[in-house]
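File shown: final.txt. Contents: compact mmCIF, C-alpha atoms.
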# COMPACT_ATOMS: atom_id res chain seq x y z
CA HIS Q 893 9.83 -78.88 -29.73
CA LEU Q 894 10.89 -82.04 -31.58
CA GLY Q 895 7.51 -83.70 -32.11
CA ASN Q 896 6.35 -87.01 -30.65
CA ASN Q 897 5.97 -85.36 -27.22
CA ARG Q 898 9.68 -84.53 -27.04
CA SER Q 899 11.38 -81.21 -26.33
CA LEU Q 900 14.87 -79.87 -25.76
CA LEU Q 901 15.35 -77.88 -22.57
CA PHE Q 902 18.46 -75.69 -22.55
CA GLY Q 903 20.03 -74.92 -19.15
CA GLU Q 904 23.34 -74.06 -17.59
CA GLN Q 905 26.12 -76.55 -18.33
CA GLN Q 906 23.78 -79.18 -19.77
CA THR Q 907 20.91 -79.73 -22.16
CA VAL Q 908 18.17 -82.17 -21.21
CA LEU Q 909 15.76 -83.88 -23.59
CA ALA Q 910 12.39 -84.50 -21.91
CA THR Q 911 8.87 -85.53 -22.85
CA ASN Q 912 6.09 -82.97 -22.80
CA THR Q 913 3.64 -85.30 -21.05
CA ASN Q 914 5.49 -86.24 -17.86
CA SER Q 915 8.92 -84.56 -18.22
CA SER Q 916 10.78 -87.84 -17.89
CA ILE Q 917 14.40 -87.42 -19.01
CA LEU Q 918 15.39 -89.31 -22.15
CA ALA Q 919 18.97 -88.00 -22.35
CA SER Q 920 21.25 -85.49 -20.67
CA LEU Q 921 23.82 -83.85 -22.93
CA VAL Q 922 26.62 -82.02 -21.12
CA THR Q 923 27.60 -78.82 -22.91
CA GLY Q 924 29.77 -75.80 -22.31
CA ASP Q 925 28.30 -72.58 -23.63
CA ILE Q 926 25.76 -72.88 -26.46
CA HIS Q 927 25.20 -69.71 -28.49
CA VAL Q 928 23.62 -71.06 -31.66
CA ALA Q 929 21.21 -73.92 -32.39
CA THR Q 930 20.03 -74.58 -35.94
CA LYS Q 931 18.34 -77.32 -37.93
CA GLY Q 932 20.55 -79.86 -39.65
CA ARG Q 933 20.53 -81.72 -42.95
CA ASN Q 934 17.26 -83.41 -42.02
CA VAL Q 935 14.65 -83.43 -39.26
CA ASN Q 936 16.68 -85.86 -37.16
CA GLU Q 937 19.62 -83.50 -36.72
CA LEU Q 938 20.34 -80.38 -34.71
CA TYR Q 939 23.58 -78.39 -35.01
CA VAL Q 940 24.83 -76.27 -32.13
CA VAL Q 941 27.77 -73.95 -31.59
CA ASP Q 942 29.12 -74.97 -28.18
CA GLN Q 943 32.01 -72.72 -27.13
CA ASN Q 944 34.18 -72.76 -30.28
CA LYS Q 945 32.97 -76.13 -31.58
CA LEU Q 946 30.26 -76.97 -34.10
CA LYS Q 947 28.44 -80.10 -32.95
CA ARG Q 948 25.85 -82.31 -34.61
CA TRP Q 949 23.22 -83.88 -32.39
CA ASN Q 950 21.35 -86.96 -33.58
CA LEU Q 951 17.80 -86.52 -32.31
CA GLN Q 952 16.98 -90.22 -32.67
CA ASN Q 953 19.66 -91.75 -30.44
CA PHE Q 954 20.96 -88.47 -28.93
CA SER Q 955 24.55 -89.11 -29.97
CA VAL Q 956 26.86 -86.09 -30.39
CA GLN Q 957 29.50 -85.62 -33.07
CA ILE Q 958 31.99 -82.74 -33.27
CA VAL Q 959 31.85 -81.39 -36.82
CA ASN Q 960 34.36 -78.56 -36.42
CA ASN Q 961 36.70 -78.42 -33.44
CA ASP Q 962 37.67 -74.75 -33.84
CA LEU Q 963 35.01 -72.66 -35.54
CA GLY Q 964 36.27 -69.46 -33.93
CA TYR Q 965 35.40 -67.28 -30.95
CA SER Q 966 31.94 -68.55 -30.02
CA ASN Q 967 30.56 -65.26 -28.70
CA ALA Q 968 31.11 -63.70 -32.12
CA ILE Q 969 29.20 -66.43 -34.00
CA LYS Q 970 25.52 -65.55 -34.33
CA ASP Q 971 24.12 -68.05 -36.82
CA VAL Q 972 25.02 -71.08 -38.93
CA HIS Q 973 23.28 -72.37 -42.04
CA ILE Q 974 23.61 -76.08 -42.81
CA PHE Q 975 23.16 -77.17 -46.43
CA SER Q 976 21.59 -80.51 -47.29
CA ASN Q 977 24.97 -81.93 -48.39
CA GLY Q 978 26.64 -81.02 -45.08
CA ASP Q 979 28.36 -77.82 -46.22
CA TYR Q 980 27.83 -74.91 -43.84
CA ILE Q 981 28.29 -71.15 -43.47
CA ALA Q 982 28.81 -69.37 -40.13
CA VAL Q 983 28.22 -65.62 -39.72
CA GLY Q 984 28.73 -63.24 -36.83
CA ASP Q 985 29.99 -59.96 -35.46
CA ASN Q 986 32.51 -57.73 -37.21
CA GLY Q 987 31.97 -59.35 -40.60
CA LEU Q 988 32.61 -62.91 -39.44
CA TYR Q 989 31.86 -65.18 -42.41
CA LYS Q 990 33.16 -68.73 -42.86
CA HIS Q 991 32.03 -71.09 -45.62
CA TYR Q 992 33.07 -74.71 -45.08
CA LYS Q 993 32.65 -77.82 -47.15
CA ALA Q 994 31.26 -80.89 -45.40
CA ASP Q 995 34.82 -82.16 -44.84
CA ASN Q 996 35.66 -78.87 -43.00
CA VAL Q 997 37.73 -77.38 -45.81
CA LEU Q 998 37.37 -73.59 -45.64
CA VAL Q 999 36.22 -72.11 -48.96
CA PRO Q 1000 38.10 -68.84 -49.67
CA TYR Q 1001 36.38 -66.07 -51.62
CA SER Q 1002 35.89 -62.32 -51.32
CA ILE Q 1003 33.17 -61.05 -48.98
CA ASN Q 1004 33.92 -57.32 -49.26
CA ALA Q 1005 30.28 -56.23 -48.80
CA LEU Q 1006 30.13 -57.93 -45.38
CA THR Q 1007 33.40 -56.59 -43.99
CA GLY Q 1008 33.12 -55.04 -40.52
CA ILE Q 1009 29.35 -55.49 -40.24
CA ASP Q 1010 27.74 -57.30 -37.30
CA LEU Q 1011 25.92 -60.13 -39.07
CA LYS Q 1012 23.13 -61.75 -37.04
CA ALA Q 1013 21.34 -64.31 -39.23
CA ILE Q 1014 21.73 -66.28 -42.45
CA SER Q 1015 19.24 -68.40 -44.36
CA PHE Q 1016 18.98 -70.10 -47.75
CA HIS Q 1017 15.80 -71.15 -49.51
CA ASP Q 1018 17.77 -73.66 -51.59
CA ASN Q 1019 21.44 -74.27 -52.35
CA LEU Q 1020 21.87 -70.90 -54.06
CA THR Q 1021 19.28 -68.33 -52.90
CA GLY Q 1022 20.53 -66.88 -49.63
CA VAL Q 1023 20.13 -63.80 -47.44
CA VAL Q 1024 22.17 -62.37 -44.54
CA VAL Q 1025 20.86 -59.68 -42.17
CA GLY Q 1026 22.43 -57.70 -39.36
CA VAL Q 1027 22.64 -54.39 -37.54
CA ASP Q 1028 21.65 -50.98 -38.94
CA GLY Q 1029 19.22 -52.55 -41.40
CA SER Q 1030 21.96 -54.42 -43.26
CA TYR Q 1031 20.51 -56.88 -45.78
CA PHE Q 1032 22.54 -58.89 -48.28
CA LYS Q 1033 21.63 -61.39 -50.95
CA THR Q 1034 23.57 -63.95 -52.99
CA THR Q 1035 24.46 -62.96 -56.56
CA GLN Q 1036 26.88 -64.27 -59.19
CA ASN Q 1037 26.90 -67.75 -57.69
CA SER Q 1038 29.59 -70.26 -58.57
CA VAL Q 1039 28.15 -73.79 -58.55
CA ASN Q 1040 29.94 -77.14 -58.63
CA PRO Q 1041 28.82 -80.05 -60.87
CA TYR Q 1042 26.65 -81.39 -58.03
CA GLY Q 1043 24.61 -78.17 -57.82
CA SER Q 1044 26.16 -76.98 -54.54
CA LEU Q 1045 27.38 -73.46 -53.84
CA ASP Q 1046 31.14 -72.99 -54.25
CA SER Q 1047 31.17 -69.21 -53.86
CA THR Q 1048 28.92 -66.18 -54.14
CA VAL Q 1049 28.98 -62.40 -54.23
CA TRP Q 1050 26.96 -60.88 -51.38
CA SER Q 1051 25.28 -57.72 -52.65
CA VAL Q 1052 23.55 -55.01 -50.63
CA GLU Q 1053 19.88 -55.35 -51.50
CA SER Q 1054 18.22 -52.96 -49.06
CA PRO Q 1055 20.63 -50.75 -47.11
CA ASN Q 1056 17.83 -48.57 -45.71
CA LEU Q 1057 15.87 -51.30 -43.92
CA PRO Q 1058 15.11 -49.70 -40.52
CA GLY Q 1059 16.39 -51.11 -37.23
CA HIS Q 1060 18.62 -54.02 -36.29
CA TYR Q 1061 17.69 -57.49 -37.50
CA ASN Q 1062 18.66 -60.79 -35.87
CA ALA Q 1063 16.18 -63.31 -37.28
CA LEU Q 1064 15.47 -64.45 -40.81
CA ALA Q 1065 13.34 -67.03 -42.62
CA PHE Q 1066 12.19 -67.85 -46.15
CA ALA Q 1067 8.42 -68.32 -46.32
CA SER Q 1068 8.76 -69.04 -50.05
CA PRO Q 1069 11.36 -68.43 -52.77
CA THR Q 1070 10.15 -64.83 -53.03
CA GLN Q 1071 8.75 -64.13 -49.54
CA ILE Q 1072 11.32 -63.34 -46.85
CA VAL Q 1073 10.56 -62.48 -43.23
CA VAL Q 1074 13.11 -60.66 -41.04
CA GLY Q 1075 12.67 -59.75 -37.39
CA GLY Q 1076 14.44 -57.53 -34.91
CA SER Q 1077 14.26 -54.27 -33.03
CA ASN Q 1078 11.37 -52.92 -35.12
CA GLY Q 1079 9.33 -56.11 -35.16
CA ALA Q 1080 8.78 -58.31 -38.19
CA VAL Q 1081 9.14 -57.20 -41.80
CA SER Q 1082 7.84 -59.31 -44.68
CA ILE Q 1083 9.53 -58.63 -48.01
CA TYR Q 1084 8.38 -59.84 -51.41
CA ASP Q 1085 11.50 -60.20 -53.55
CA SER Q 1086 10.79 -60.75 -57.23
CA GLY Q 1087 14.46 -61.43 -57.92
CA GLU Q 1088 15.69 -58.26 -59.56
CA ARG Q 1089 14.21 -55.79 -57.06
CA TYR Q 1090 11.80 -55.52 -54.18
CA SER Q 1091 8.14 -55.27 -55.17
CA ASN Q 1092 6.45 -54.95 -51.77
CA ARG Q 1093 7.39 -54.58 -48.12
CA PHE Q 1094 5.07 -55.07 -45.17
CA TYR Q 1095 5.73 -53.92 -41.59
CA TYR Q 1096 3.84 -55.44 -38.64
CA ASP Q 1097 3.40 -54.48 -35.02
CA ARG Q 1098 4.08 -56.84 -32.10
CA LEU Q 1099 0.53 -58.20 -32.29
CA GLY Q 1100 0.85 -59.09 -35.96
CA GLY Q 1101 -1.21 -56.19 -37.30
CA LEU Q 1102 -0.14 -54.60 -40.57
CA ILE Q 1103 0.94 -51.01 -39.86
CA VAL Q 1104 3.02 -49.90 -42.86
CA SER Q 1105 3.42 -51.11 -46.44
CA ARG Q 1106 5.44 -49.97 -49.41
CA ASN Q 1107 5.51 -51.00 -53.07
CA GLU Q 1108 8.20 -50.36 -55.65
CA ARG Q 1109 6.56 -47.21 -56.99
CA GLN Q 1110 6.23 -45.79 -53.48
CA ARG Q 1111 9.87 -46.65 -52.80
CA SER Q 1112 11.00 -44.58 -55.80
CA GLU Q 1113 8.89 -41.66 -54.51
CA ASP Q 1114 9.94 -42.16 -50.86
CA LYS Q 1115 6.33 -42.77 -49.79
CA TYR Q 1116 4.53 -45.31 -47.57
CA SER Q 1117 0.98 -46.51 -46.91
CA TYR Q 1118 -0.05 -46.90 -43.26
CA THR Q 1119 -2.89 -48.34 -41.18
CA LEU Q 1120 -4.13 -46.84 -37.90
CA TYR Q 1121 -5.93 -48.77 -35.17
CA ASP Q 1122 -8.06 -47.63 -32.24
CA GLU Q 1123 -7.60 -48.87 -28.67
CA LEU Q 1124 -9.72 -51.97 -29.47
CA GLY Q 1125 -7.55 -52.91 -32.43
CA ARG Q 1126 -10.06 -51.82 -35.08
CA VAL Q 1127 -8.89 -50.14 -38.29
CA VAL Q 1128 -9.75 -46.42 -38.27
Any chance you could give the structure as C-alpha cells?
Amino acid sequence: HLGNNRSLLFGEQQTVLATNTNSSILASLVTGDIHVATKGRNVNELYVVDQNKLKRWNLQNFSVQIVNNDLGYSNAIKDVHIFSNGDYIAVGDNGLYKHYKADNVLVPYSINALTGIDLKAISFHDNLTGVVVGVDGSYFKTTQNSVNPYGSLDSTVWSVESPNLPGHYNALAFASPTQIVVGGSNGAVSIYDSGERYSNRFYYDRLGGLIVSRNERQRSEDKYSYTLYDELGRVV
C-alpha cells in the first residue's frame, strides 16, 4: 500500500499500480521475475530485484531506472538494503553479500562470518547499525565499522551475535535502535539489544501472545520464563 488510495499489485510478467477505491489502473510496469522489493532512499521510491537487475521505481511518475544491470543470479538474492545516500547491500543464499556504492562500485572487504550461510534479510537502523539473519538461527551484527568523511559505511565486520536463535529467519526490522524484531519458522522474536549484549528476548505465538521470554541472567543459566494459555486465550 502506497497511501493516497494507491497500491501495487504484483502479478505474472507485469506489475500494475491501481487505486484502492475503484481499481482503475494508473500504470502498468512490465517486469520479468521479481524476487525482492524494498523501500528506497525516500517514500517516493521502491527498489526491486527483477531477474538479475536492480531497478528503482519512482512512485510519483512511475518511471523505472536500472540501477545495476547485473546484480547476480536473482534466485539467490533474498534482500537488499538501500542507504539514504544510494549505497546498497544485497544478501542471499550461500553467503551472497555485495556492498555497492551509489555509482555501482563494488566495495571489497572480508565477510568471513557470513561465508556459506543462506542469508535471508538485512536491515539497518541508521548508516552503521545493521543486522543480517538467515537459516539455522543465524544472526549477525555490524562491528568495527569503517566510516567515510560523509558518515557513510565503507566496510564492517559482521559478528555472530546470537548463534543459538531457534529456527530459520527470513524477515527483519528495527523497531528502535535497541529493539529488533525477526520473523520466520518459529514466529516473531523481539530482541532488546543494549549494544554489548542481549538483555531480553521475547517469543510470540502466531496470534501475538507472549509465550517465552529470557533475560541475560536466564541466558547464562540456560533458563526461560514461559506463559501458558487456556483454549480461550486466557493466561493460566
Query raised in the report: So how many Å separate CA of Asp942 in chain Q and CA of Gly1022 in chain Q, to one decimal?
Result: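 Pair CA of Asp942 in chain Q / CA of Gly1022 in chain Q returns 24.5 Å.
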**Report entry** Best match for closeness to Gly1075 in chain Q among Q:Val928, Q:Ala982, Q:Leu900, Q:Val1025, counting all atoms listed in the file
**Finding:** Q:Val1025
**Report entry** range 1048-1051 of chain Q surroundings by only C-alpha atoms, 9 Å radius, close-in-sequence under 6 positions cut, as an MDAnalysis selection string
**Finding:** chainID Q and resid 1001:1006 1020 1022:1024 1031:1039
Requested in this report: Please provide as a PyMOL selection string all residues within 12 Å of range 989-992 of chain Q, with the sequence filter that same-chain residues fewer than 3 positions apart are discarded (counting only C-alpha atoms).
Outcome: chain Q and resi 946+959-960+962-964+968-975+977-986+995-1014+1024+1044-1048+1050
Query - Minimum-distance residue to Phe1066 in chain Q, chosen among Q:Gln943, Q:Thr930, Q:Gln1110, Q:Ser1082 (using only C-alpha atoms) - result: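 The answer is Q:Ser1082, which sits nearest to Phe1066 in chain Q.
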Query - Selection: 8 Å around Gly932 in chain Q, only C-alpha atoms, excl. self and same-chain fewer than 4 positions, as a PyMOL selection string - result: chain Q and resi 936-939+948+974-976
Query raised in the report: From the set Q:Asp1028, Q:Glu1113, Q:Asp1122, Q:Asp1085, which residue has the shortest atom-to-atom contact distance to His1060 in chain Q, counting only C-alpha atoms?
Result: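 Residue with the minimum atom-to-atom distance to His1060 in chain Q: Q:Asp1028.
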Query raised in the report: Between CA of His1017 in chain Q and CA of Ala929 in chain Q, what is the spacing in Å?
Result: 18.2 Å
Query raised in the report: By how many Å are CA of Glu1123 in chain Q and CA of Gly1079 in chain Q apart?
Result: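 Answer for the CA of Glu1123 in chain Q to CA of Gly1079 in chain Q separation: 19.5 Å.
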Using only C-alpha atoms, which residues sit within 12 Å of Arg1126 in chain Q once same-chain residues fewer than 4 positions away are excluded, as an mmCIF file with C-alpha atoms, in the frame of the given file?
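Written file, around.cif:
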data_model
loop_
_atom_site.group_PDB
_atom_site.id
_atom_site.type_symbol
_atom_site.label_atom_id
_atom_site.label_comp_id
_atom_site.auth_asym_id
_atom_site.auth_seq_id
_atom_site.Cartn_x
_atom_site.Cartn_y
_atom_site.Cartn_z
ATOM 1 C CA GLY Q 1101 -1.210 -56.190 -37.300
ATOM 2 C CA LEU Q 1102 -0.140 -54.600 -40.570
ATOM 3 C CA THR Q 1119 -2.890 -48.340 -41.180
ATOM 4 C CA LEU Q 1120 -4.130 -46.840 -37.900
ATOM 5 C CA TYR Q 1121 -5.930 -48.770 -35.170
ATOM 6 C CA ASP Q 1122 -8.060 -47.630 -32.240
#
Query raised in the report: Looking at all atoms listed in the file, which of Q:Val1128, Q:Val1104, Q:Val956, Q:Ala1067 is the one that sits closest to Asp1018 in chain Q?
Result: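 Smallest separation from Asp1018 in chain Q among the options: Q:Ala1067.
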